[in-house]
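Engineer: CSV, C-alpha atoms, file final_4.csv:
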chain,number,residue,atom,x,y,z
A,1,MET,CA,49.2,106.0,-203.6
A,2,GLN,CA,51.6,105.3,-200.7
A,3,GLN,CA,55.2,105.0,-201.9
A,4,ASN,CA,57.6,103.5,-199.4
A,5,ASN,CA,59.9,101.4,-201.5
A,6,LEU,CA,61.7,104.1,-203.5
A,7,ILE,CA,65.1,104.6,-201.9
A,8,GLU,CA,67.7,107.2,-202.5
A,9,PRO,CA,70.3,106.0,-205.0
A,10,LEU,CA,73.0,104.0,-203.4
A,11,VAL,CA,75.5,105.5,-205.8
A,12,ASN,CA,75.4,109.2,-206.6
A,13,ASN,CA,76.3,108.7,-210.2
A,14,LYS,CA,74.1,105.6,-210.6
A,15,ASN,CA,73.6,104.6,-214.2
A,16,VAL,CA,70.1,105.2,-215.7
A,17,GLU,CA,69.1,103.0,-218.6
A,18,GLU,CA,65.9,103.4,-220.7
A,19,ARG,CA,64.1,100.1,-221.5
A,20,ASN,CA,60.8,99.2,-223.2
A,21,ILE,CA,60.2,96.2,-220.9
A,22,VAL,CA,61.7,95.2,-217.6
A,23,ILE,CA,61.0,91.6,-216.4
A,24,ILE,CA,61.7,91.0,-212.7
A,25,GLY,CA,62.4,87.3,-212.1
A,26,GLY,CA,64.3,84.6,-213.8
A,27,GLY,CA,61.9,81.6,-213.5
A,28,THR,CA,59.7,80.0,-216.1
A,29,ALA,CA,57.2,82.9,-216.2
A,30,GLY,CA,60.0,85.4,-216.6
A,31,PHE,CA,61.8,83.6,-219.4
A,32,ALA,CA,58.5,82.9,-221.2
A,33,ALA,CA,57.7,86.6,-221.0
A,34,GLY,CA,61.2,87.3,-222.4
A,35,VAL,CA,60.7,85.0,-225.4
A,36,TYR,CA,57.4,86.7,-226.3
A,37,THR,CA,58.4,90.3,-225.8
A,38,SER,CA,61.8,89.8,-227.6
A,39,ARG,CA,60.0,88.2,-230.5
A,40,ALA,CA,57.9,91.4,-230.6
A,41,MET,CA,61.1,93.4,-231.0
A,42,LEU,CA,60.8,95.1,-227.6
A,43,GLU,CA,64.3,94.2,-226.5
A,44,PRO,CA,63.2,93.1,-223.0
A,45,PHE,CA,65.6,93.4,-220.0
A,46,LEU,CA,65.3,90.5,-217.5
A,47,ILE,CA,66.7,90.8,-214.0
A,48,THR,CA,67.1,87.3,-212.6
A,49,GLY,CA,67.1,87.9,-208.8
A,50,ASP,CA,69.0,85.5,-206.6
A,51,ALA,CA,67.3,82.2,-207.8
A,52,LEU,CA,67.8,81.5,-211.5
A,53,GLY,CA,65.0,79.2,-212.5
A,54,GLY,CA,62.7,80.0,-209.7
A,55,GLN,CA,61.2,77.0,-207.9
A,56,LEU,CA,62.7,74.7,-210.5
A,57,SER,CA,66.0,75.4,-208.8
A,58,LEU,CA,64.7,73.4,-205.9
A,59,THR,CA,64.4,70.2,-207.9
A,60,LEU,CA,66.8,68.0,-209.8
A,61,ASP,CA,64.4,66.4,-212.2
A,62,LEU,CA,61.7,67.6,-214.6
A,63,GLU,CA,59.6,65.2,-216.6
A,64,ASN,CA,56.1,66.8,-216.8
A,65,TYR,CA,56.8,69.8,-219.1
A,66,PRO,CA,55.3,69.1,-222.5
A,67,GLY,CA,57.9,68.9,-225.2
A,68,PHE,CA,60.9,68.7,-222.9
A,69,PHE,CA,62.3,65.2,-223.2
A,70,GLY,CA,65.2,65.6,-220.8
A,71,ASN,CA,64.8,65.1,-217.2
A,72,GLU,CA,67.2,67.5,-215.5
A,73,ALA,CA,65.6,70.8,-214.3
A,74,ALA,CA,69.0,72.5,-214.6
A,75,VAL,CA,69.1,71.7,-218.3
A,76,PHE,CA,65.6,73.0,-218.8
A,77,ILE,CA,66.5,76.3,-217.0
A,78,GLN,CA,69.5,76.7,-219.2
A,79,GLY,CA,67.4,76.1,-222.2
A,80,MET,CA,64.8,78.7,-221.2
A,81,GLN,CA,67.5,81.3,-220.8
A,82,ALA,CA,69.3,80.4,-224.0
A,83,GLN,CA,66.0,80.6,-226.0
A,84,ALA,CA,65.1,84.0,-224.5
A,85,GLU,CA,68.6,85.4,-225.2
A,86,LYS,CA,68.5,84.0,-228.7
A,87,PHE,CA,65.5,86.2,-229.5
A,88,GLY,CA,66.9,89.3,-227.9
A,89,THR,CA,66.2,89.2,-224.2
A,90,GLU,CA,69.1,90.8,-222.2
A,91,VAL,CA,69.5,88.8,-219.0
A,92,ARG,CA,71.3,90.4,-216.0
A,93,PHE,CA,72.1,88.6,-212.8
A,94,ASP,CA,71.1,91.3,-210.3
A,95,THR,CA,68.6,92.0,-207.6
A,96,VAL,CA,65.8,94.7,-207.6
A,97,THR,CA,66.0,96.8,-204.5
A,98,ALA,CA,63.2,99.3,-205.1
A,99,VAL,CA,60.5,100.4,-207.5
A,100,ASP,CA,58.5,103.5,-208.3
A,101,PHE,CA,55.3,102.9,-210.2
A,102,THR,CA,53.7,106.3,-209.5
A,103,ARG,CA,54.8,107.7,-212.9
A,104,GLN,CA,55.7,106.9,-216.5
A,105,PRO,CA,58.3,105.8,-217.2
A,106,LEU,CA,58.2,103.2,-214.4
A,107,VAL,CA,61.3,103.0,-212.3
A,108,VAL,CA,63.1,99.9,-211.2
A,109,GLU,CA,66.3,100.1,-209.1
A,110,THR,CA,69.0,97.7,-208.4
A,111,TYR,CA,72.0,98.3,-206.2
A,112,GLU,CA,74.0,100.1,-208.9
A,113,ASN,CA,71.6,100.9,-211.7
A,114,THR,CA,68.2,102.6,-212.3
A,115,TYR,CA,66.0,101.4,-215.1
A,116,HIS,CA,63.2,103.5,-216.7
A,117,ALA,CA,60.6,101.2,-218.4
A,118,LYS,CA,57.4,101.6,-220.3
A,119,SER,CA,56.2,98.4,-218.8
A,120,VAL,CA,57.2,96.0,-216.0
A,121,ILE,CA,56.3,92.3,-215.7
A,122,ILE,CA,56.7,90.9,-212.2
A,123,CYS,CA,57.7,87.2,-212.1
A,124,THR,CA,59.2,87.0,-208.7
A,125,GLY,CA,57.5,83.8,-207.8
A,126,ALA,CA,56.8,82.3,-204.3
A,127,SER,CA,59.1,80.5,-201.9
A,128,PRO,CA,58.0,77.4,-200.0
A,129,ARG,CA,58.1,77.7,-196.2
A,130,THR,CA,60.9,75.7,-194.9
A,131,LEU,CA,61.5,73.8,-191.7
A,132,ASN,CA,64.9,75.3,-191.1
A,133,VAL,CA,66.3,72.1,-189.8
A,134,PRO,CA,69.7,70.5,-190.4
A,135,GLY,CA,69.9,68.5,-193.6
A,136,GLU,CA,66.9,70.3,-195.3
A,137,GLU,CA,69.0,72.5,-197.5
A,138,GLU,CA,71.8,69.9,-198.0
A,139,TYR,CA,69.3,67.3,-199.4
A,140,GLY,CA,67.2,69.7,-201.4
A,141,GLY,CA,66.4,68.0,-204.7
A,142,ARG,CA,68.0,64.7,-203.3
A,143,GLY,CA,65.1,63.5,-201.2
A,144,VAL,CA,63.7,66.8,-199.8
A,145,SER,CA,61.0,68.3,-202.0
A,146,TYR,CA,58.2,70.9,-201.8
A,147,CYS,CA,56.2,69.6,-204.8
A,148,ALA,CA,54.6,66.2,-205.0
A,149,THR,CA,53.5,66.8,-208.6
A,150,CYS,CA,57.0,67.6,-209.6
A,151,ASP,CA,58.9,64.9,-207.8
A,152,GLY,CA,56.5,62.2,-206.7
A,153,PHE,CA,57.3,60.0,-209.7
A,154,PHE,CA,60.9,59.6,-208.6
A,155,PHE,CA,59.9,57.8,-205.4
A,156,GLN,CA,58.4,54.6,-206.8
A,157,ASN,CA,57.8,52.1,-204.0
A,158,GLN,CA,59.6,54.1,-201.4
A,159,ARG,CA,58.7,55.3,-197.9
A,160,LEU,CA,58.0,59.0,-197.6
A,161,ILE,CA,57.3,61.6,-194.9
A,162,VAL,CA,54.9,64.4,-195.6
A,163,VAL,CA,55.2,67.3,-193.2
A,164,GLY,CA,52.1,69.4,-192.5
A,165,GLY,CA,48.4,69.1,-191.6
A,166,GLY,CA,46.6,71.4,-193.9
A,167,ASP,CA,44.7,70.8,-197.2
A,168,ALA,CA,47.9,71.1,-199.2
A,169,ALA,CA,49.8,68.5,-197.2
A,170,ILE,CA,47.0,66.0,-197.2
A,171,GLU,CA,46.2,66.5,-200.9
A,172,GLU,CA,49.8,66.1,-201.8
A,173,GLY,CA,50.1,63.1,-199.5
A,174,ILE,CA,47.2,61.4,-201.2
A,175,PHE,CA,48.8,62.1,-204.5
A,176,LEU,CA,52.1,60.6,-203.4
A,177,THR,CA,50.4,57.3,-202.7
A,178,LYS,CA,50.3,56.7,-206.4
A,179,TYR,CA,54.0,56.1,-206.3
A,180,ALA,CA,55.1,55.5,-202.7
A,181,SER,CA,54.8,52.2,-200.8
A,182,GLU,CA,54.0,54.2,-197.6
A,183,VAL,CA,53.3,57.8,-196.7
A,184,TYR,CA,53.7,59.0,-193.2
A,185,VAL,CA,52.1,62.3,-192.4
A,186,VAL,CA,54.0,64.0,-189.6
A,187,HIS,CA,52.0,66.7,-187.8
A,188,ARG,CA,52.9,68.7,-184.7
A,189,ARG,CA,49.3,68.5,-183.4
A,190,ASP,CA,47.0,65.7,-182.6
A,191,GLN,CA,44.5,66.6,-185.3
A,192,LEU,CA,44.6,67.9,-188.9
A,193,ARG,CA,43.7,71.4,-190.1
A,194,ALA,CA,42.7,70.1,-193.5
A,195,SER,CA,39.0,70.2,-194.6
A,196,GLN,CA,36.8,67.3,-193.4
A,197,ILE,CA,36.5,65.8,-196.9
A,198,MET,CA,40.3,65.7,-197.3
A,199,GLN,CA,40.7,64.1,-193.9
A,200,GLU,CA,38.2,61.4,-194.7
A,201,ARG,CA,40.1,60.6,-197.9
A,202,ALA,CA,43.4,60.4,-196.1
A,203,PHE,CA,42.1,58.2,-193.3
A,204,LYS,CA,40.6,55.8,-195.8
A,205,ASN,CA,43.8,55.4,-197.7
A,206,ASP,CA,45.6,52.3,-196.6
A,207,LYS,CA,49.0,53.7,-197.7
A,208,ILE,CA,48.8,56.8,-195.4
A,209,LYS,CA,49.8,56.6,-191.7
A,210,PHE,CA,49.9,59.4,-189.2
A,211,ILE,CA,52.6,60.4,-186.7
A,212,TRP,CA,50.9,62.9,-184.3
A,213,ASP,CA,52.3,65.5,-182.0
A,214,THR,CA,55.6,65.3,-183.8
A,215,VAL,CA,58.1,67.5,-185.5
A,216,VAL,CA,61.1,66.9,-187.8
A,217,GLU,CA,64.2,68.0,-186.0
A,218,GLU,CA,66.8,66.9,-188.6
A,219,ILE,CA,66.9,65.3,-192.1
A,220,CYS,CA,69.6,62.7,-192.4
A,221,GLY,CA,71.3,61.1,-195.3
A,222,ASP,CA,74.4,59.3,-196.7
A,223,ALA,CA,75.7,62.4,-198.5
A,224,GLU,CA,74.0,61.3,-201.7
A,225,LYS,CA,70.3,61.0,-200.7
A,226,VAL,CA,67.9,61.1,-197.7
A,227,THR,CA,68.0,58.0,-195.6
A,228,GLY,CA,66.1,59.1,-192.5
A,229,ALA,CA,64.6,61.8,-190.3
A,230,LYS,CA,65.0,62.6,-186.7
A,231,LEU,CA,61.6,62.9,-185.2
A,232,LYS,CA,60.6,64.5,-181.8
A,233,ASN,CA,57.4,64.1,-180.0
A,234,VAL,CA,56.5,67.5,-178.7
A,235,LYS,CA,54.6,66.1,-175.7
A,236,THR,CA,57.0,63.5,-174.4
A,237,ASN,CA,60.2,65.1,-175.9
A,238,GLU,CA,61.2,61.6,-177.0
A,239,THR,CA,63.2,61.4,-180.3
A,240,GLU,CA,63.8,58.6,-182.8
A,241,LEU,CA,65.6,58.2,-186.1
A,242,PHE,CA,62.9,57.2,-188.6
A,243,PRO,CA,64.2,55.4,-191.7
A,244,ILE,CA,62.7,57.2,-194.8
A,245,ASP,CA,63.5,57.7,-198.5
A,246,GLY,CA,62.1,61.2,-198.9
A,247,VAL,CA,60.7,64.2,-197.0
A,248,PHE,CA,58.0,66.3,-198.7
A,249,ILE,CA,57.3,69.6,-196.9
A,250,PHE,CA,54.0,71.3,-197.2
A,251,ILE,CA,53.7,74.0,-194.6
A,252,GLY,CA,52.7,76.8,-197.1
A,253,HIS,CA,54.3,79.2,-199.6
A,254,ILE,CA,55.3,82.8,-199.2
A,255,PRO,CA,54.8,85.0,-202.4
A,256,ASN,CA,57.9,87.0,-203.1
A,257,THR,CA,56.1,90.3,-203.0
A,258,GLU,CA,57.6,92.2,-200.1
A,259,LEU,CA,59.2,94.7,-202.6
A,260,PHE,CA,55.7,95.7,-203.8
A,261,THR,CA,54.0,96.2,-200.4
A,262,ASP,CA,51.6,99.2,-200.5
A,263,ILE,CA,52.3,99.6,-204.2
A,264,ILE,CA,50.6,96.7,-205.9
A,265,LYS,CA,47.2,95.3,-204.8
A,266,MET,CA,47.5,91.9,-203.1
A,267,ASP,CA,45.2,89.4,-201.5
A,268,GLU,CA,45.3,88.6,-197.8
A,269,GLN,CA,48.2,86.1,-198.3
A,270,GLY,CA,50.3,88.5,-200.3
A,271,TYR,CA,49.7,87.2,-203.8
A,272,ILE,CA,49.5,89.9,-206.5
A,273,ILE,CA,45.9,90.3,-207.8
A,274,VAL,CA,45.7,90.3,-211.6
A,275,ASP,CA,42.9,90.3,-214.1
A,276,SER,CA,42.4,87.9,-217.1
A,277,LEU,CA,45.1,89.8,-219.0
A,278,GLN,CA,47.6,89.5,-216.1
A,279,ARG,CA,47.2,93.2,-215.4
A,280,THR,CA,47.8,94.6,-211.9
A,281,ASN,CA,46.1,97.7,-210.5
A,282,ILE,CA,48.8,99.8,-212.0
A,283,ASP,CA,48.9,100.7,-215.7
A,284,GLY,CA,51.8,99.0,-217.5
A,285,VAL,CA,52.6,96.6,-214.6
A,286,PHE,CA,51.8,93.0,-215.1
A,287,ALA,CA,52.4,89.9,-213.0
A,288,ALA,CA,52.8,86.2,-213.9
A,289,GLY,CA,53.6,82.9,-212.3
A,290,ASP,CA,53.6,81.8,-208.7
A,291,VAL,CA,53.7,85.4,-207.6
A,292,HIS,CA,49.9,85.5,-208.3
A,293,ASP,CA,49.0,81.8,-208.6
A,294,ARG,CA,48.4,80.1,-205.3
A,295,ILE,CA,46.7,77.0,-206.8
A,296,PHE,CA,48.7,75.3,-209.5
A,297,ARG,CA,52.3,76.4,-209.0
A,298,GLN,CA,53.5,74.4,-212.0
A,299,ALA,CA,56.2,75.3,-214.6
A,300,ILE,CA,53.8,74.9,-217.5
A,301,THR,CA,51.1,77.2,-215.9
A,302,ALA,CA,53.7,79.8,-215.1
A,303,ALA,CA,55.0,79.8,-218.6
A,304,GLY,CA,51.5,80.3,-220.0
A,305,ALA,CA,50.9,83.2,-217.6
A,306,GLY,CA,54.3,84.7,-218.6
A,307,ALA,CA,53.4,84.5,-222.3
A,308,ALA,CA,50.0,86.1,-221.6
A,309,ALA,CA,51.6,88.9,-219.6
A,310,ALA,CA,54.1,89.5,-222.4
A,311,ILE,CA,51.4,89.8,-225.1
A,312,ALA,CA,49.4,92.2,-222.9
A,313,ALA,CA,52.5,94.3,-222.2
A,314,GLU,CA,53.3,94.4,-225.9
A,315,LYS,CA,49.9,95.9,-226.5
A,316,PHE,CA,50.3,98.4,-223.7
A,317,VAL,CA,53.7,99.6,-225.0
A,318,ALA,CA,52.2,100.0,-228.5
A,319,GLU,CA,49.4,102.1,-227.2
A,320,LEU,CA,51.7,104.1,-225.0
A,321,ASP,CA,54.0,104.9,-228.0
A,322,ASN,CA,51.0,105.9,-230.0
A,323,ARG,CA,49.9,108.3,-227.3
A,324,ALA,CA,53.3,109.7,-226.9
A,325,TYR,CA,53.8,110.1,-230.7
A,326,PRO,CA,50.4,110.8,-232.2
A,327,GLY,CA,51.9,111.1,-235.7
A,328,ASN,CA,53.1,107.5,-235.7
Once you've parsed the file, please lay out its structure as structure tokens.

Structural biologist:
Amino acid sequence: MQQNNLIEPLVNNKNVEERNIVIIGGGTAGFAAGVYTSRAMLEPFLITGDALGGQLSLTLDLENYPGFFGNEAAVFIQGMQAQAEKFGTEVRFDTVTAVDFTRQPLVVETYENTYHAKSVIICTGASPRTLNVPGEEEYGGRGVSYCATCDGFFFQNQRLIVVGGGDAAIEEGIFLTKYASEVYVVHRRDQLRASQIMQERAFKNDKIKFIWDTVVEEICGDAEKVTGAKLKNVKTNETELFPIDGVFIFIGHIPNTELFTDIIKMDEQGYIIVDSLQRTNIDGVFAAGDVHDRIFRQAITAAGAGAAAAIAAEKFVAELDNRAYPGN
């Protein structure tokens, strides 16, 4: 197997730590895996990466997770971490820089440490493609969203922009009409890329209107929330400030799998391929959450996949220990 992501230690005396389970990623899937593996007395080690909470860090509110009666995503993230740590998950705020899955133990490297693990659970998630325009980051979670299912409820009777022209944009736009007074689909071309059936549904929906040949150049607000968007017609170069209450961006997701290129089998879009037990093509390496799920991308489905991966990893470690110590 090609191995291009194992780097020379950045520090000659880099610490080497032995672990049963290393979980890469501090989102819902990662913390769910932490809860289940720590309850199995495996003392899991979770490396958060640079976005604690995963995609939940992009939203302020969370009301659709069963059993969670708060509404702040940040509180939910803190609760996930606290629960995982309560059962014995060690959480470290660090970033994985390289892996070597060609041997046992598996090797995971960060900038200053090397971890040897019997099993690794990859929960690195996926990142929404962004417009990279002024105001997008500033108003993230305050009118800018990448998930209609997560945030649509908070825009009752408001005017919304949906950016994109594919199936995801149109499907999410139709979903938003349950709450919004008007949904404006802003698309840089003069026709949609969505499937014909999705187009027909959108065109028949009285709440959906289309702004063709147009891009969002800036997202504007009053320092508290979104109040408008600067739109530019790509054919005439004319611009206008369009009053709006929210901007939903659906131009695709990018799975955070670059670290595992040429190591883990992926589909054509870069999502990790797993079987029904969350197993990758490498023994002892599992994946869970948005890093393999291109369809649902919900906190609840990520948590379920994380739990499943943890149970499968527990079994793998038990079998590995039995092979290593036949007398046990």

Engineer: Applying 6 Å and only C-alpha atoms, which residues near stretch 245-249 of chain A remain after dropping the ones on its own chain fewer than 4 positions away? List them as an NGL selection string.

Structural biologist: :A and (143-146 or 159-163 or 226-227)

Engineer: Would you work out the distance separating atom CA of A:Glu136 from atom CA of A:Gly25, expressed in Å to one decimal?

Structural biologist: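 Distance between the two atoms: 24.3 Å.
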
Engineer: From the set A:Leu42, A:Ile211, A:Ala318, A:Ala288, which residue has the shortest atom-to-atom contact distance to A:Gly306, counting only C-alpha atoms?

Structural biologist: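 For A:Gly306, the nearest of the given residues is A:Ala288.
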
Engineer: Of the candidates A:Val22, A:Lys204, A:Met198, A:Gly88, which shows the shortest atom-to-atom distance to A:Ala40, using all atoms listed in the file?

Structural biologist: A:Gly88

Engineer: Give me, please, the distance in Å between atom CA of A:Phe242 and atom CA of A:Thr214, quoted to one decimal.

Structural biologist: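 Between atom CA of A:Phe242 and atom CA of A:Thr214 the gap works out to 11.9 Å.
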
Engineer: Quick one: pull the distance between atom CA of A:Phe87 and atom CA of A:Met41, Å, one decimal.

Structural biologist: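 Taking atom CA of A:Phe87 and atom CA of A:Met41, their separation equals 8.6 Å.
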
Engineer: Within 7 Å of (59.9, 86.5, -204.6) (coordinates as in the file), grab all the protein and nucleic acid residues, counting all atoms listed in the file, and write them out as number ranges by chain.

Structural biologist: A: 124-127, 255-257, 291

Engineer: Quick one: residues within 10 Å of (66.9, 82.4, -222.4) (file frame), counting all atoms listed in the file, please, as a list in words.

Structural biologist: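 The residues near that point, listed by chain and number, are Gly26, Thr28, Gly30, Phe31, Ala32, Gly34, Val35, Leu46, Ile77, Gln78, Gly79, Met80, Gln81, Ala82, Gln83, Ala84, Glu85, Lys86, Phe87, Gly88, Thr89, Glu90 and Val91 of chain A.
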
Engineer: Of the residues A:Glu224, A:Ile170, A:Thr239, A:Ile24, which is the one nearest to A:Phe210, using all atoms listed in the file?

Structural biologist: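 Of the candidates, the smallest distance to A:Phe210 is held by A:Ile170.
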